[in-house]
Amino acid sequence: MSGSVSAPMPPAALHAGQRAPDFELPSAPDHRLGSSQLRGRPAVLAFYPADWSPVCGDQMTLYQAVMPEFERYNAGVVGISVDNVWSHRAFAEDRGITFPLLADFEPKGEVARRYGVYDDRSGVCQRALFVLDGDGMVTWSQVVPAGVNPGAEGILNALDGLDSERRPVL
């Protein structure tokens with residue numbers, strides 16, 4: 001019998017077909033944004049480890065550049081990390097990001113835990129993407145290593161899939 005005890009496995013990230021947990025997080029020192037405000041249209045939740053890391057900066061800047069494509073699908077986009085609102089504000093101003101960056105700061109990582117993407121070892125969110133339909137159901141999700149920028153293609157394909165579900169078959 002071994003004397004070692006293995007660490008508990010983190011919960012798996014939510015996947016397609018699961019209801020996305022409700023949340024409300026600060027988007028500014030005096031403003032909060034909740035999942036209920038994202039309902040009625042597709043939503044993209046982009047969890048990322050930290051504002052000032054190079055990969056995170058590139059990822060969020062890419063989503064800002066691709067915003068016209070997201071808007072074509074009427075999709076709301078939010079970034080979520082465990083950084084505080086002041087870090088988010090400076091990061092957004094520095095990178096020209098206009099979509100909300102939400103602070104999963106206190107209690108640290110509470111929303112990321114509900115989505116199954118909080119990394120207890122590093123104390124940050126995993127790099128994870130979720131596309132929700134207008135009713136708050138996960139239609140697509142992806143978790144990638146922290147050092148990998150997942151790009152936007154998977155998100156756009158998922159949004160296109162949602163859009164095609166609404167088109168009438170001729």
# chains A, B, ... in the order shown; residues from 1 in each chain; ligands from 1
>>> residues_around(residues="Glu110 in chain A", least_positions_apart="4", cutoff="12 Å", atoms="only C-alpha atoms", output="JSON, numbers by chain")
{"A": [21, 22, 23, 24, 25, 80, 81, 82, 103, 104, 105, 106, 114, 115, 116, 117, 118, 119, 120, 123, 124, 125]}
>>> closest_atom_pairs(of="range 47-120 of chain A", to="range 130-154 of chain A", cutoff="10 Å", atoms="only C-alpha atoms", output="Markdown table")
| residue | atom | partner | partner_atom | distance |
| --- | --- | --- | --- | --- |
| A:Phe47 | CA | A:Phe130 | CA | 8.4 |
| A:Tyr48 | CA | A:Ala146 | CA | 8.0 |
| A:Pro49 | CA | A:Ala146 | CA | 7.1 |
| A:Ala50 | CA | A:Ala146 | CA | 9.8 |
| A:Ser53 | CA | A:Gly147 | CA | 9.5 |
| A:Pro54 | CA | A:Gly147 | CA | 8.9 |
| A:Val55 | CA | A:Asn149 | CA | 6.0 |
| A:Cys56 | CA | A:Asn149 | CA | 7.4 |
| A:Gly57 | CA | A:Asn149 | CA | 9.6 |
| A:Asp58 | CA | A:Asn149 | CA | 7.5 |
| A:Gln59 | CA | A:Asn149 | CA | 5.8 |
| A:Met60 | CA | A:Gly151 | CA | 9.4 |
| A:Leu62 | CA | A:Gly151 | CA | 7.3 |
| A:Tyr63 | CA | A:Ala152 | CA | 7.0 |
| A:Val66 | CA | A:Ala152 | CA | 7.7 |
| A:Glu69 | CA | A:Ala152 | CA | 9.8 |
| A:Phe70 | CA | A:Ala152 | CA | 9.6 |
| A:Ala75 | CA | A:Asp133 | CA | 9.1 |
| A:Gly76 | CA | A:Leu132 | CA | 9.7 |
| A:Val77 | CA | A:Val131 | CA | 9.3 |
| A:Tyr115 | CA | A:Phe130 | CA | 9.2 |
| A:Val117 | CA | A:Val143 | CA | 8.0 |
>>> atom_distance(atom1="CA of Ala46 in chain A", atom2="CA of Gly17 in chain A")
18.0 Å
>>> atom_distance(atom1="CA of Asp160 in chain A", atom2="CA of Tyr73 in chain A")
7.7 Å
>>> atom_distance(atom1="CA of Asp30 in chain A", atom2="CA of Val78 in chain A")
17.2 Å
>>> select_by_dssp(residues="chain A", states="helix (DSSP H, G or I)", output="JSON, numbers by chain")
{"A": [35, 36, 37, 38, 54, 55, 56, 57, 58, 59, 60, 61, 62, 63, 64, 65, 67, 68, 69, 70, 71, 72, 85, 86, 87, 88, 89, 90, 91, 92, 93, 94, 95, 110, 111, 112, 113, 114, 153, 154, 155, 156, 157, 158, 159, 160, 161, 162, 163, 164, 165, 166]}
>>> closest_residue(among="A:Leu38, A:Met67, A:Val85, A:Leu45", to="Ile97 in chain A", atoms="only C-alpha atoms")
A:Met67
>>> closest_residue(among="A:Leu156, A:Leu102, A:Leu33, A:Ala112", to="Ser87 in chain A", atoms="only C-alpha atoms")
A:Leu102
>>> select_by_dssp(residues="range 3-162 of chain A", states="strand (DSSP E or B)", output="NGL selection string")
:A and (19 or 24-28 or 31-34 or 43-47 or 76-81 or 101-103 or 118-119 or 124-125 or 127-132 or 137-144)
>>> write_last_selection(atoms="N, CA and C atoms", output="compact mmCIF listing (two decimals), in the first residue's frame")
# COMPACT_ATOMS: atom_id res chain seq x y z
N ARG A 19 -26.28 23.59 -18.67
CA ARG A 19 -26.70 24.96 -18.37
C ARG A 19 -25.52 25.70 -17.75
N GLU A 24 -22.61 37.06 -11.35
CA GLU A 24 -22.58 38.52 -11.42
C GLU A 24 -21.22 38.94 -10.89
N LEU A 25 -20.46 39.67 -11.72
CA LEU A 25 -19.10 40.07 -11.37
C LEU A 25 -18.88 41.54 -11.68
N PRO A 26 -17.94 42.18 -10.98
CA PRO A 26 -17.62 43.57 -11.28
C PRO A 26 -16.96 43.71 -12.66
N SER A 27 -17.42 44.70 -13.40
CA SER A 27 -16.79 45.04 -14.67
C SER A 27 -16.09 46.40 -14.57
N ALA A 28 -16.31 47.08 -13.47
CA ALA A 28 -15.71 48.38 -13.16
C ALA A 28 -15.89 48.58 -11.66
N HIS A 31 -19.64 49.11 -11.20
CA HIS A 31 -20.60 48.44 -12.10
C HIS A 31 -20.38 46.94 -12.08
N ARG A 32 -21.49 46.21 -12.11
CA ARG A 32 -21.45 44.75 -12.16
C ARG A 32 -22.18 44.28 -13.41
N LEU A 33 -21.76 43.17 -13.94
CA LEU A 33 -22.41 42.58 -15.10
C LEU A 33 -22.71 41.13 -14.76
N GLY A 34 -23.93 40.72 -15.07
CA GLY A 34 -24.33 39.35 -14.74
C GLY A 34 -24.74 38.57 -15.96
N ALA A 43 -23.61 34.37 -26.28
CA ALA A 43 -22.59 34.99 -25.44
C ALA A 43 -21.31 34.17 -25.52
N VAL A 44 -20.19 34.87 -25.53
CA VAL A 44 -18.87 34.25 -25.52
C VAL A 44 -18.22 34.62 -24.19
N LEU A 45 -17.88 33.58 -23.40
CA LEU A 45 -17.16 33.79 -22.15
C LEU A 45 -15.73 33.31 -22.37
N ALA A 46 -14.79 34.23 -22.22
CA ALA A 46 -13.37 33.91 -22.42
C ALA A 46 -12.66 34.02 -21.08
N PHE A 47 -12.46 32.88 -20.40
CA PHE A 47 -11.69 32.84 -19.16
C PHE A 47 -10.21 32.85 -19.54
N GLY A 76 -22.61 38.72 -27.45
CA GLY A 76 -21.92 39.47 -26.42
C GLY A 76 -20.64 38.74 -26.04
N VAL A 77 -19.58 39.49 -25.79
CA VAL A 77 -18.28 38.91 -25.44
C VAL A 77 -17.83 39.49 -24.11
N VAL A 78 -17.38 38.62 -23.21
CA VAL A 78 -16.78 39.07 -21.95
C VAL A 78 -15.52 38.26 -21.69
N GLY A 79 -14.52 38.92 -21.14
CA GLY A 79 -13.33 38.26 -20.65
C GLY A 79 -13.45 38.13 -19.14
N ILE A 80 -12.96 37.03 -18.59
CA ILE A 80 -13.05 36.79 -17.14
C ILE A 80 -11.71 36.28 -16.64
N SER A 81 -11.16 36.97 -15.63
CA SER A 81 -9.96 36.49 -14.95
C SER A 81 -10.06 36.84 -13.47
N LEU A 101 -14.37 43.26 -19.23
CA LEU A 101 -13.47 42.33 -18.56
C LEU A 101 -13.98 42.22 -17.13
N LEU A 102 -14.34 41.01 -16.73
CA LEU A 102 -14.98 40.80 -15.43
C LEU A 102 -13.98 40.27 -14.42
N ALA A 103 -14.06 40.80 -13.20
CA ALA A 103 -13.13 40.47 -12.13
C ALA A 103 -13.69 39.35 -11.24
N TYR A 118 -11.06 26.64 -12.85
CA TYR A 118 -10.14 27.30 -11.93
C TYR A 118 -9.00 26.34 -11.63
N ASP A 119 -7.78 26.83 -11.69
CA ASP A 119 -6.61 26.01 -11.43
C ASP A 119 -6.11 26.32 -10.02
N VAL A 124 -5.19 30.74 -10.70
CA VAL A 124 -5.79 31.56 -11.76
C VAL A 124 -6.79 30.71 -12.56
N CYS A 125 -7.51 31.38 -13.42
CA CYS A 125 -8.41 30.68 -14.34
C CYS A 125 -7.58 29.94 -15.38
N ARG A 127 -7.23 28.80 -19.33
CA ARG A 127 -7.61 29.47 -20.56
C ARG A 127 -8.74 28.64 -21.17
N ALA A 128 -9.96 29.16 -21.08
CA ALA A 128 -11.13 28.40 -21.49
C ALA A 128 -12.14 29.30 -22.18
N LEU A 129 -12.82 28.74 -23.15
CA LEU A 129 -13.84 29.46 -23.91
C LEU A 129 -15.16 28.73 -23.81
N PHE A 130 -16.23 29.50 -23.69
CA PHE A 130 -17.59 28.96 -23.68
C PHE A 130 -18.45 29.80 -24.60
N VAL A 131 -19.21 29.15 -25.47
CA VAL A 131 -20.22 29.84 -26.26
C VAL A 131 -21.57 29.38 -25.71
N LEU A 132 -22.39 30.37 -25.33
CA LEU A 132 -23.71 30.10 -24.78
C LEU A 132 -24.77 30.55 -25.76
N MET A 137 -27.46 28.14 -22.32
CA MET A 137 -26.95 26.76 -22.43
C MET A 137 -25.60 26.79 -23.13
N VAL A 138 -24.67 25.98 -22.64
CA VAL A 138 -23.36 25.86 -23.28
C VAL A 138 -23.57 25.10 -24.59
N THR A 139 -23.13 25.71 -25.68
CA THR A 139 -23.22 25.04 -26.98
C THR A 139 -21.86 24.59 -27.49
N TRP A 140 -20.79 25.16 -26.90
CA TRP A 140 -19.42 24.79 -27.28
C TRP A 140 -18.49 25.25 -26.18
N SER A 141 -17.46 24.47 -25.92
CA SER A 141 -16.46 24.89 -24.95
C SER A 141 -15.10 24.32 -25.36
N GLN A 142 -14.06 24.99 -24.89
CA GLN A 142 -12.70 24.57 -25.19
C GLN A 142 -11.80 25.03 -24.05
N VAL A 143 -10.91 24.14 -23.60
CA VAL A 143 -9.88 24.49 -22.62
C VAL A 143 -8.55 24.19 -23.29
N VAL A 144 -7.64 25.17 -23.26
CA VAL A 144 -6.32 24.98 -23.88
C VAL A 144 -5.24 25.28 -22.85
>>> closest_residue(among="A:Phe91, A:Phe99, A:Trp52, A:Trp86", to="Pro29 in chain A", atoms="only C-alpha atoms")
A:Trp86
>>> closest_residue(among="A:Arg113, A:Asn74, A:Ala16, A:Ala65", to="Pro42 in chain A", atoms="only C-alpha atoms")
A:Asn74
